[in-house]
Amino acid sequence: MKSYLKTKDHSVSGEEFELMLHPELEMLITKPQPNKLDTYYESAAYISHTDANKTLVDRMYQAVKKYSLSRKVKLLEKYCDGEKSVLDFGAGTGDFLFIAKEKGWSVSGVEPNWGARKRASEKGVNLVAEIPEGHSERYGLITLWHVLEHLPDLENHIARLSELLRPGGTIIIAVPNFNSYDAKHYKEFWAAYDVPRHLWHFSQISIQKLFASSNMDVVATRPLVFDSFYVSLLSEKYKTGKANYFKAFFNGLLSNVKAWGSKEYSSLIYVIQKHV
């Protein structure tokens, strides 16, 4: 592996990290990977664990999230095979499962963070910290919304997901794409690198290869067009110390315009099915 980029933890610790390119997988790997990752999530700025709604950026994030969550639940309808049941990994404060539950879905969720699980329970969504080994239930539909990049021991986690999925079942994941225009524009300041919380940084090729090794195939990809705007807002702040709303909006829009041709959006949803 060779060095791709040096960056730092802009949101919590300020520590420096290096992104190493795995050429065969076309994937970046954060180095070093801390032994105690929990400490890097202990921040009021980590919005997916706190439901923060204080700053303008927070409020914009929450407004877009409500719209996006409804779209995500609608996407499930296409792949549920008549059974409206879903297991969500990295469920955060439970908003996705809350909306799915409201729309008649049977929901289960996994979230390691105690505080996030507590906030989810206040919404009537009960989550577990982990699924134990030997768990016998198999699922037809599993989701991971911006979660895969956080999981240590990546290949074993993907193999475990395959074990939990029924033959012919579907996994839907969303991850940032380091081949997007906004990633290349902001470089070490690109907020979606989010080291060291993001241990892995994916391309479309890496997702295809990683899941193929566990008898699963990518059958569709979809863009998350709002991500480029939110990521650009954060990236501008990291780069200049200021919000620069106009510049961030322009770069987010430009990223999406370029992606119409290249299909390299800031974040992508992958629909992945297990072999029958």
# chains A, B, ... in the order shown; residues from 1 in each chain; ligands from 1
call {"tool": "select_by_dssp", "arguments": {"residues": "stretch 30-237 of chain A", "states": "strand (DSSP E or B)", "output": "PyMOL selection string"}}
result
chain A and resi 30-31+85-89+106-110+128+139-145+165-177+200-202+216-223
call {"tool": "residues_around", "arguments": {"residues": "A:His157", "least_positions_apart": "4", "cutoff": "12 Å", "atoms": "only C-alpha atoms", "output": "list in words"}}
result
Phe89, Ile131, Leu144, Val147, Leu148, Glu149, His150, Leu151, Pro152, Asp153, Leu161, Ser162, Glu163, Leu164, Leu210, Phe211 and Ser214 of chain A
call {"tool": "write_last_selection", "arguments": {"atoms": "C-alpha atoms", "output": "CSV table (one decimal), in the first residue's frame"}}
result
chain,number,residue,atom,x,y,z
A,89,PHE,CA,-27.1,-1.6,11.7
A,131,ILE,CA,-26.2,-9.3,17.8
A,144,LEU,CA,-26.5,0.3,7.0
A,147,VAL,CA,-22.2,2.7,9.0
A,148,LEU,CA,-19.9,0.4,7.0
A,149,GLU,CA,-17.0,2.9,7.0
A,150,HIS,CA,-17.1,2.8,10.9
A,151,LEU,CA,-16.8,-1.0,11.3
A,152,PRO,CA,-13.5,-2.5,12.4
A,153,ASP,CA,-12.4,-5.8,11.0
A,161,LEU,CA,-23.8,-9.7,7.4
A,162,SER,CA,-23.9,-12.4,4.8
A,163,GLU,CA,-24.5,-15.0,7.5
A,164,LEU,CA,-27.5,-12.9,8.9
A,210,LEU,CA,-15.7,-6.8,-0.9
A,211,PHE,CA,-19.2,-8.0,-1.1
A,214,SER,CA,-19.1,-13.1,0.6
call {"tool": "residues_around", "arguments": {"residues": "stretch 174-183 of chain A", "least_positions_apart": "4", "cutoff": "8 Å", "atoms": "only C-alpha atoms", "output": "CSV table (one decimal) with N, CA and C atoms, in the first residue's frame"}}
result
chain,number,residue,atom,x,y,z
A,144,LEU,N,-27.6,-0.4,6.3
A,144,LEU,CA,-26.5,0.3,7.0
A,144,LEU,C,-26.3,1.6,6.3
A,145,TRP,N,-26.8,2.7,7.0
A,145,TRP,CA,-26.8,4.0,6.4
A,145,TRP,C,-25.6,4.7,7.0
A,146,HIS,N,-24.5,4.9,6.2
A,146,HIS,CA,-23.3,5.5,6.6
A,146,HIS,C,-22.7,4.8,7.9
A,147,VAL,N,-22.6,3.5,7.8
A,147,VAL,CA,-22.2,2.7,9.0
A,147,VAL,C,-20.9,1.9,8.6
A,148,LEU,N,-20.9,1.3,7.4
A,148,LEU,CA,-19.9,0.4,7.0
A,148,LEU,C,-18.5,1.0,7.2
A,149,GLU,N,-18.3,2.3,6.9
A,149,GLU,CA,-17.0,2.9,7.0
A,149,GLU,C,-16.5,3.0,8.5
A,187,LYS,N,-9.8,17.7,-0.8
A,187,LYS,CA,-8.6,16.9,-0.4
A,187,LYS,C,-8.6,16.7,1.1
A,190,TRP,N,-11.7,17.4,3.2
A,190,TRP,CA,-13.0,16.8,2.9
A,190,TRP,C,-13.6,16.1,4.1
A,192,ALA,N,-16.0,14.2,4.7
A,192,ALA,CA,-16.4,12.8,4.7
A,192,ALA,C,-15.3,11.8,5.0
A,201,HIS,N,-12.5,3.9,3.3
A,201,HIS,CA,-13.0,4.9,2.4
A,201,HIS,C,-13.2,4.3,1.0
A,202,PHE,N,-14.4,4.2,0.6
A,202,PHE,CA,-14.8,3.3,-0.5
A,202,PHE,C,-14.9,3.9,-1.9
A,203,SER,N,-14.6,3.1,-2.9
A,203,SER,CA,-14.9,3.4,-4.3
A,203,SER,C,-16.0,2.4,-4.7
A,204,GLN,N,-16.6,2.6,-5.9
A,204,GLN,CA,-17.6,1.6,-6.4
A,204,GLN,C,-16.9,0.3,-6.6
A,228,SER,N,-23.5,16.0,-0.8
A,228,SER,CA,-22.4,16.9,-1.3
A,228,SER,C,-22.5,18.3,-0.7
A,232,SER,N,-19.8,19.7,1.9
A,232,SER,CA,-19.1,20.9,1.4
A,232,SER,C,-19.2,22.0,2.5
A,251,ASN,N,-20.0,24.4,-4.7
A,251,ASN,CA,-19.2,23.2,-4.8
A,251,ASN,C,-20.0,21.9,-4.7
A,252,GLY,N,-21.0,21.9,-3.8
A,252,GLY,CA,-21.9,20.8,-3.7
A,252,GLY,C,-22.7,20.6,-5.0
A,254,LEU,N,-21.8,21.7,-8.0
A,254,LEU,CA,-20.9,21.3,-9.1
A,254,LEU,C,-20.5,19.8,-9.0
A,255,SER,N,-20.4,19.3,-7.8
A,255,SER,CA,-20.1,17.9,-7.6
A,255,SER,C,-21.2,17.0,-8.2
A,258,LYS,N,-21.2,17.3,-12.1
A,258,LYS,CA,-20.2,16.4,-12.7
A,258,LYS,C,-20.5,14.9,-12.5
A,259,ALA,N,-21.2,14.6,-11.5
A,259,ALA,CA,-21.6,13.2,-11.2
A,259,ALA,C,-22.7,12.7,-12.2
A,264,GLU,N,-20.1,9.5,-10.1
A,264,GLU,CA,-19.3,9.5,-8.9
A,264,GLU,C,-19.8,10.5,-7.9
A,265,TYR,N,-21.0,10.2,-7.3
A,265,TYR,CA,-21.6,11.2,-6.4
A,265,TYR,C,-20.8,11.2,-5.1
A,266,SER,N,-21.1,12.2,-4.3
A,266,SER,CA,-20.4,12.4,-3.0
A,266,SER,C,-20.7,11.2,-2.1
A,267,SER,N,-21.9,10.7,-2.1
A,267,SER,CA,-22.2,9.5,-1.4
A,267,SER,C,-23.1,8.6,-2.3
A,268,LEU,N,-23.0,7.3,-2.1
A,268,LEU,CA,-23.8,6.4,-3.0
A,268,LEU,C,-24.5,5.4,-2.1
A,269,ILE,N,-25.7,5.1,-2.5
A,269,ILE,CA,-26.5,3.9,-2.0
A,269,ILE,C,-26.2,2.7,-2.9
A,270,TYR,N,-25.8,1.6,-2.2
A,270,TYR,CA,-25.6,0.3,-3.0
A,270,TYR,C,-26.7,-0.7,-2.6
call {"tool": "closest_residue", "arguments": {"among": "A:His198, A:Ser85, A:Leu19, A:Arg166", "to": "A:Tyr41", "atoms": "only C-alpha atoms"}}
result
A:His198
call {"tool": "atom_distance", "arguments": {"atom1": "atom CA of A:Ser262", "atom2": "atom CA of A:Thr221"}}
result
12.9 Å
call {"tool": "residues_around", "arguments": {"residues": "A:Asp217", "least_positions_apart": "5", "cutoff": "8 Å", "atoms": "only C-alpha atoms", "output": "list in words"}}
result
Gln208, Phe211, Ala212, Ile272, Gln273, Lys274 and His275 of chain A
call {"tool": "atom_distance", "arguments": {"atom1": "atom CA of A:Asp38", "atom2": "atom CA of A:Ala100"}}
result
28.1 Å
call {"tool": "closest_residue", "arguments": {"among": "A:Tyr139, A:Tyr238, A:Trp260, A:Phe96", "to": "A:Ser70", "atoms": "only C-alpha atoms"}}
result
A:Phe96
call {"tool": "closest_residue", "arguments": {"among": "A:Phe189, A:Trp105, A:Tyr67, A:Phe229", "to": "A:His10", "atoms": "only C-alpha atoms"}}
result
A:Phe189
call {"tool": "closest_residue", "arguments": {"among": "A:Phe226, A:Trp200, A:Tyr186, A:Trp114", "to": "A:Lys239", "atoms": "only C-alpha atoms"}}
result
A:Tyr186
